[in-house]
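Structure first, then comments.
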Amino acid sequence: MNQTLAKKRWLYLIPVAFITYSLAYLDRANYGFGAAAGLAEDLNITAGTSSLLGSLFFLGYFFFQVPGAAFAEKKSAKLLIFWSLILWGLLATATGMVTDIKALFVIRFTLGVVESAVMPSMLVLLSNWFTKAERSRANTFLILGNPATVLWMSIVSGYLVESVGWRWMFIIEGLPAVIWAFIWWKIVNDKPREAKWLTDQEKNELEKQLAKEQEGIKPVKNYGEAFRSKPVMLLSAQYFLWSIGVYGFVMWLPSIIQAAPNMNIVKTGWLSSVPYILAVVLMLVASYFSDKTMNRKAFVWPFLLVGAVAFYASYAIGTEHFWISFILLVIAGGAMYAPYGPFFAIIPEILPRNVAGGAMALINSMGALGSFLGAYVVGYLNGATGGFGASYIFMAGSLFISAILTIWAVKAGKKESRQSPKVVASA
C-alpha cells in the first residue's frame, strides 16, 4: 500500500476520531469534578448516593453496547455517532441545570445509554479503514481521547468551577459535542469506497488489503458463536477487572488529592492531570511497538501488573507521605492506560469482521460493568473507612487478576489458532 494513502487516512480520520471520543469522555468524567466542587453539597447528596450517581452512567453504558455495535456493523457507525454526539451534549448540559436528585439519576443513566454506542462504533469504523499492522496505533489515537481529555479537563474544570461554579462547568463543557456532531457528519465516511478524498485506485488497494486479511481468519456464523469462544469470555473477564481499577481511579482521584493538606480545587485540577501525561506517552510507545512486533500480550499484562504493584505500594506508604504516594498513583494511572491500543487490536485478529465488532462491544460492556462496580465500590470504601487505603487494595487486586487473565486469554487464542492454522496467532 502506498504511503500517500496511509498519510491521507491518518490525517483525515484520526483527528476526527480523537476529538469525538475526547468529547464523549469529557461529558462522562467531569462528574467527579462536579461532585468534588459542590454538586453533592448543593443537592444534599450523601457520599453513598454520590458514588451511585457517579457509577450509574456505566450501568446504562453496559446494556446498549452490543446493539450499538450491531447497528454500526450492519448499517452506519457515522449515523449512530452523529445522533449520539447531539444527545450526550444536551444531557451533559442538562446536568448543570438539575435541581432534583431524581432528575440527576435519569440524566446519568441516559448519558451512559447514549455514549454506549461510541466506543464499539469507533472501533468498527477504524477496522474498516486501517490494516492489521496499523490497528494498534489507530486504536490508541482514538483512546488517547480518554487520558488526554482528563488531562486538560482536570485543569479547565478546576478554573471553570472556581470562576462560574459547577453548574456552568457542565453547561459549557456539554455544548461543544452538539456543534461537533455536524463537523463529524461532514467529514467522516463509513467505508473507503464512500470517500471522495480517495482516488479509485486508493480505494481498491485499501479494500483489497482488508479483504485479504479476512481470508486468514476462521469463519464465525454469528454473535452467539463468537461470544461463547474461550478467548472472548476470558478477555471480557479481564476487561471487567481492568476497568475496576481505571474508573475507580478516574472518578475518585480528584477527591483523593483534595483530601491532602493545604489543597484547593485549582491545585487539585493540576495534580489530577499529571497521571494522564504519563498515560499519553506510554500509550503511544506501547501501540508503536505492539504494531512493530505484532505481539499484543507483551504490551498488555506487564503494564497491568505494574499498575497493581504501584497501587499497593501507594497504599503501603500511606497518606503521611503524600508526594511519594502521589508519584506511585501517577505510575499506576499511566500503566493502566498504556495497553488499550494493543488490547483492542486482539479481537479483529482472531475473529472475522461480521462478528468482531459485536465481540469488542461485549468486552467493552463488561468493562462498563467493571467501571460501574469500580466507581461505586471505591466511593463506598472511601466513605465507609474514612480513608483511601481499602480502595487502593481493591483496585490493586483487580489489576493483578486482570494481568493473569490476559496471559490465559492469549494462550486460549493460540490454542484455537493451532486448531485452525490460518487464524492469526500473534496476539
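Convention: chains lettered A, B, ... in C-alpha cells order; per-chain residue numbering from 1; ligands numbered from 1 as shown.
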Margin query: Which of stretch 114-212 of chain A end up as helix (DSSP H, G or I) when DSSP is run on this backbone - answer as a VMD selection string?
Written below: chain A and resid 114 to 115 118 to 127 135 to 143 145 to 187 192 to 194 200 to 212
Notebook entry, point to check: Contacts of stretch 328-342 of chain A at 6 Å or less, counting only C-alpha atoms, minus same-chain residues fewer than 6 places along, as a ChimeraX atom specification?
Noted result: /A:136,139-140,275,278-279,282-283,287,296,299-300,303-304,307,310-311,314
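Using only C-alpha atoms, the protein and nucleic acid residues lying no more than 6 Å from stretch 145-154 of chain A, apart from those fewer than 6 places from it along its own chain, are A:Phe18, A:Tyr21, A:Ser22, A:Tyr25, A:Gly269, A:Ser273, A:Tyr276.
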Restricting it to all heavy atoms, dump the selection as a PDB file, in the first residue's frame.
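Contents of part27.pdb, as written:
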ATOM      1  N   PHE A  18     -10.301  11.144  17.367  1.00  0.00           N
ATOM      2  CA  PHE A  18      -9.753  11.573  18.655  1.00  0.00           C
ATOM      3  C   PHE A  18     -10.647  12.624  19.312  1.00  0.00           C
ATOM      4  O   PHE A  18     -10.997  12.518  20.498  1.00  0.00           O
ATOM      5  CB  PHE A  18      -8.340  12.138  18.447  1.00  0.00           C
ATOM      6  CG  PHE A  18      -7.762  12.783  19.681  1.00  0.00           C
ATOM      7  CD1 PHE A  18      -7.125  12.018  20.639  1.00  0.00           C
ATOM      8  CD2 PHE A  18      -7.864  14.155  19.881  1.00  0.00           C
ATOM      9  CE1 PHE A  18      -6.604  12.603  21.777  1.00  0.00           C
ATOM     10  CE2 PHE A  18      -7.348  14.747  21.019  1.00  0.00           C
ATOM     11  CZ  PHE A  18      -6.707  13.970  21.972  1.00  0.00           C
ATOM     12  N   TYR A  21     -14.107  11.102  20.517  1.00  0.00           N
ATOM     13  CA  TYR A  21     -14.015  10.311  21.750  1.00  0.00           C
ATOM     14  C   TYR A  21     -13.624  11.193  22.930  1.00  0.00           C
ATOM     15  O   TYR A  21     -14.054  10.963  24.063  1.00  0.00           O
ATOM     16  CB  TYR A  21     -13.019   9.170  21.580  1.00  0.00           C
ATOM     17  CG  TYR A  21     -13.119   8.142  22.676  1.00  0.00           C
ATOM     18  CD1 TYR A  21     -14.294   7.415  22.850  1.00  0.00           C
ATOM     19  CD2 TYR A  21     -12.056   7.907  23.540  1.00  0.00           C
ATOM     20  CE1 TYR A  21     -14.400   6.478  23.861  1.00  0.00           C
ATOM     21  CE2 TYR A  21     -12.157   6.970  24.551  1.00  0.00           C
ATOM     22  CZ  TYR A  21     -13.329   6.253  24.708  1.00  0.00           C
ATOM     23  OH  TYR A  21     -13.431   5.332  25.718  1.00  0.00           O
ATOM     24  N   SER A  22     -12.843  12.226  22.645  1.00  0.00           N
ATOM     25  CA  SER A  22     -12.447  13.164  23.690  1.00  0.00           C
ATOM     26  C   SER A  22     -13.668  13.884  24.264  1.00  0.00           C
ATOM     27  O   SER A  22     -13.814  14.028  25.484  1.00  0.00           O
ATOM     28  CB  SER A  22     -11.453  14.190  23.125  1.00  0.00           C
ATOM     29  OG  SER A  22     -11.025  15.087  24.117  1.00  0.00           O
ATOM     30  N   TYR A  25     -15.648  11.527  26.386  1.00  0.00           N
ATOM     31  CA  TYR A  25     -15.030  11.282  27.690  1.00  0.00           C
ATOM     32  C   TYR A  25     -15.150  12.488  28.614  1.00  0.00           C
ATOM     33  O   TYR A  25     -15.321  12.338  29.821  1.00  0.00           O
ATOM     34  CB  TYR A  25     -13.563  10.884  27.516  1.00  0.00           C
ATOM     35  CG  TYR A  25     -13.124  10.010  28.651  1.00  0.00           C
ATOM     36  CD1 TYR A  25     -13.450   8.660  28.653  1.00  0.00           C
ATOM     37  CD2 TYR A  25     -12.432  10.529  29.736  1.00  0.00           C
ATOM     38  CE1 TYR A  25     -13.092   7.848  29.711  1.00  0.00           C
ATOM     39  CE2 TYR A  25     -12.073   9.731  30.795  1.00  0.00           C
ATOM     40  CZ  TYR A  25     -12.408   8.386  30.775  1.00  0.00           C
ATOM     41  OH  TYR A  25     -12.067   7.592  31.828  1.00  0.00           O
ATOM     42  N   GLY A 269      -6.932  20.253  40.380  1.00  0.00           N
ATOM     43  CA  GLY A 269      -7.028  20.108  38.935  1.00  0.00           C
ATOM     44  C   GLY A 269      -5.685  19.868  38.278  1.00  0.00           C
ATOM     45  O   GLY A 269      -5.534  18.963  37.450  1.00  0.00           O
ATOM     46  N   SER A 273      -4.135  16.086  36.660  1.00  0.00           N
ATOM     47  CA  SER A 273      -3.776  15.946  35.246  1.00  0.00           C
ATOM     48  C   SER A 273      -2.473  15.183  35.037  1.00  0.00           C
ATOM     49  O   SER A 273      -2.245  14.629  33.958  1.00  0.00           O
ATOM     50  CB  SER A 273      -3.649  17.335  34.595  1.00  0.00           C
ATOM     51  OG  SER A 273      -2.482  18.003  35.052  1.00  0.00           O
ATOM     52  N   TYR A 276      -2.177  11.530  33.600  1.00  0.00           N
ATOM     53  CA  TYR A 276      -2.621  11.381  32.215  1.00  0.00           C
ATOM     54  C   TYR A 276      -1.565  11.841  31.219  1.00  0.00           C
ATOM     55  O   TYR A 276      -1.599  11.448  30.050  1.00  0.00           O
ATOM     56  CB  TYR A 276      -3.949  12.113  32.033  1.00  0.00           C
ATOM     57  CG  TYR A 276      -4.981  11.599  33.009  1.00  0.00           C
ATOM     58  CD1 TYR A 276      -5.319  12.329  34.149  1.00  0.00           C
ATOM     59  CD2 TYR A 276      -5.561  10.353  32.829  1.00  0.00           C
ATOM     60  CE1 TYR A 276      -6.233  11.835  35.071  1.00  0.00           C
ATOM     61  CE2 TYR A 276      -6.476   9.849  33.745  1.00  0.00           C
ATOM     62  CZ  TYR A 276      -6.797  10.591  34.860  1.00  0.00           C
ATOM     63  OH  TYR A 276      -7.678  10.097  35.779  1.00  0.00           O
TER      64      TYR A 276
END
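For the pair atom CA of A:Ile324 and atom CA of A:Leu381, the interatomic distance is 22.2 Å.
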Next item on the list: Just the residues within 12 Å of A:Asn364, please, counting only C-alpha atoms, with nothing from its chain fewer than 5 positions along; format it as a PyMOL selection string.
Entry: chain A and resi 58+61-66+68-69+116-121+123+232-233+235-243+340+343-344+347+357-359+369-371
Take the residues just selected and output them with N, CA and C atoms as a short mmCIF file (atom, residue, chain, number, x, y, z; two decimals), in the first residue's frame.
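Written out: out-v1.cif:
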data_model
loop_
_atom_site.label_atom_id
_atom_site.label_comp_id
_atom_site.auth_asym_id
_atom_site.auth_seq_id
_atom_site.Cartn_x
_atom_site.Cartn_y
_atom_site.Cartn_z
N PHE A 58 -22.33 3.97 33.99
CA PHE A 58 -21.80 2.74 33.42
C PHE A 58 -22.85 1.63 33.35
N TYR A 61 -24.44 2.36 30.15
CA TYR A 61 -23.41 2.05 29.16
C TYR A 61 -23.34 0.55 28.91
N PHE A 62 -23.53 -0.25 29.96
CA PHE A 62 -23.42 -1.70 29.88
C PHE A 62 -24.48 -2.32 28.97
N PHE A 63 -25.73 -1.86 29.09
CA PHE A 63 -26.85 -2.55 28.45
C PHE A 63 -26.92 -2.35 26.93
N PHE A 64 -26.33 -1.30 26.38
CA PHE A 64 -26.58 -0.96 24.97
C PHE A 64 -25.34 -1.03 24.08
N GLN A 65 -24.28 -1.68 24.58
CA GLN A 65 -23.06 -1.82 23.79
C GLN A 65 -23.28 -2.68 22.53
N VAL A 66 -23.77 -3.89 22.73
CA VAL A 66 -23.89 -4.83 21.61
C VAL A 66 -24.89 -4.35 20.56
N GLY A 68 -25.54 -1.32 19.79
CA GLY A 68 -24.85 -0.24 19.08
C GLY A 68 -23.85 -0.77 18.08
N ALA A 69 -23.08 -1.79 18.48
CA ALA A 69 -22.09 -2.38 17.56
C ALA A 69 -22.78 -3.04 16.37
N SER A 116 -22.93 4.69 25.02
CA SER A 116 -22.54 3.28 24.89
C SER A 116 -22.19 2.91 23.45
N ALA A 117 -22.77 3.62 22.49
CA ALA A 117 -22.52 3.30 21.08
C ALA A 117 -21.16 3.78 20.59
N VAL A 118 -20.55 4.71 21.30
CA VAL A 118 -19.39 5.40 20.75
C VAL A 118 -18.18 4.49 20.58
N MET A 119 -17.76 3.83 21.65
CA MET A 119 -16.53 3.04 21.59
C MET A 119 -16.62 1.89 20.58
N PRO A 120 -17.63 0.99 20.65
CA PRO A 120 -17.67 -0.09 19.65
C PRO A 120 -17.85 0.42 18.24
N SER A 121 -18.64 1.48 18.05
CA SER A 121 -18.84 2.03 16.71
C SER A 121 -17.54 2.59 16.15
N LEU A 123 -14.48 1.63 17.00
CA LEU A 123 -13.58 0.51 16.71
C LEU A 123 -13.97 -0.18 15.40
N VAL A 232 -12.84 -14.79 23.97
CA VAL A 232 -13.75 -13.66 24.18
C VAL A 232 -14.25 -13.64 25.63
N MET A 233 -14.58 -14.81 26.17
CA MET A 233 -15.04 -14.86 27.56
C MET A 233 -13.95 -14.43 28.54
N LEU A 235 -11.27 -12.52 27.83
CA LEU A 235 -10.98 -11.10 27.65
C LEU A 235 -12.08 -10.23 28.24
N SER A 236 -13.32 -10.71 28.24
CA SER A 236 -14.41 -9.98 28.88
C SER A 236 -14.18 -9.88 30.39
N ALA A 237 -13.80 -11.01 31.00
CA ALA A 237 -13.50 -11.00 32.44
C ALA A 237 -12.29 -10.13 32.74
N GLN A 238 -11.28 -10.21 31.86
CA GLN A 238 -10.08 -9.40 32.05
C GLN A 238 -10.40 -7.91 32.03
N TYR A 239 -11.21 -7.51 31.03
CA TYR A 239 -11.51 -6.08 30.89
C TYR A 239 -12.42 -5.59 32.01
N PHE A 240 -13.27 -6.47 32.51
CA PHE A 240 -14.11 -6.15 33.67
C PHE A 240 -13.22 -5.74 34.85
N LEU A 241 -12.22 -6.55 35.15
CA LEU A 241 -11.35 -6.28 36.30
C LEU A 241 -10.43 -5.08 36.04
N TRP A 242 -9.93 -4.98 34.84
CA TRP A 242 -9.08 -3.84 34.46
C TRP A 242 -9.85 -2.53 34.67
N SER A 243 -11.11 -2.50 34.23
CA SER A 243 -11.91 -1.28 34.30
C SER A 243 -12.24 -0.89 35.74
N TYR A 340 -4.27 -0.04 26.10
CA TYR A 340 -5.55 0.00 25.40
C TYR A 340 -5.44 -0.32 23.90
N PHE A 343 -4.60 -4.00 23.23
CA PHE A 343 -5.70 -4.85 23.70
C PHE A 343 -6.83 -4.92 22.67
N PHE A 344 -7.27 -3.77 22.17
CA PHE A 344 -8.38 -3.77 21.24
C PHE A 344 -7.98 -4.16 19.82
N ILE A 347 -8.93 -8.67 19.14
CA ILE A 347 -10.15 -9.30 18.65
C ILE A 347 -10.27 -9.30 17.12
N GLY A 357 -16.92 -6.68 15.72
CA GLY A 357 -17.48 -5.51 16.38
C GLY A 357 -18.36 -5.88 17.56
N GLY A 358 -19.18 -6.92 17.40
CA GLY A 358 -20.03 -7.38 18.49
C GLY A 358 -19.22 -7.92 19.64
N ALA A 359 -18.14 -8.65 19.33
CA ALA A 359 -17.28 -9.19 20.38
C ALA A 359 -16.59 -8.06 21.15
N LEU A 369 -19.42 -2.61 33.06
CA LEU A 369 -19.90 -3.19 34.32
C LEU A 369 -18.81 -3.09 35.39
N GLY A 370 -17.57 -3.36 34.99
CA GLY A 370 -16.45 -3.19 35.91
C GLY A 370 -16.28 -1.74 36.33
N SER A 371 -16.52 -0.83 35.39
CA SER A 371 -16.43 0.60 35.70
C SER A 371 -17.50 1.00 36.71
#
Margin query: List as a VMD selection string the protein and nucleic acid residues near A:Thr20, meaning an atom at most 8 Å away when only C-alpha atoms are counted, but skip any in the same chain fewer than 6 places from it.
Written below: chain A and resid 85 145 177 180 184
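Each of A:Ile346, A:Tyr12, A:Gln258, A:Ser50 was checked against A:Lys196 using only C-alpha atoms; the smallest atom-to-atom distance is that of A:Tyr12.
The nearest approach to A:Lys75 among the residues A:Glu207, A:Asp190, A:Asp291, A:Glu162, with only C-alpha atoms taken into account, belongs to A:Asp190.
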Item checked: Among listed residues A:Ser163, A:Asn189, A:Thr46, A:Gln214, nearest A:Val355 (using only C-alpha atoms) -> A:Gln214
Note to self: Under the rule that only C-alpha atoms are counted, which of A:Val156, A:Leu234, A:Gly38, A:Ala29 is the nearest residue to A:Ser402?
What the structure shows: A:Leu234
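Shortest separation to A:Val106 among A:Pro302, A:Gly60, A:Pro67, A:Gly389 occurs at residue A:Gly60, atoms counted being only C-alpha atoms.
The two atoms in question, atom CA of A:Phe170 and atom CA of A:Leu373, are spaced 24.1 Å apart.
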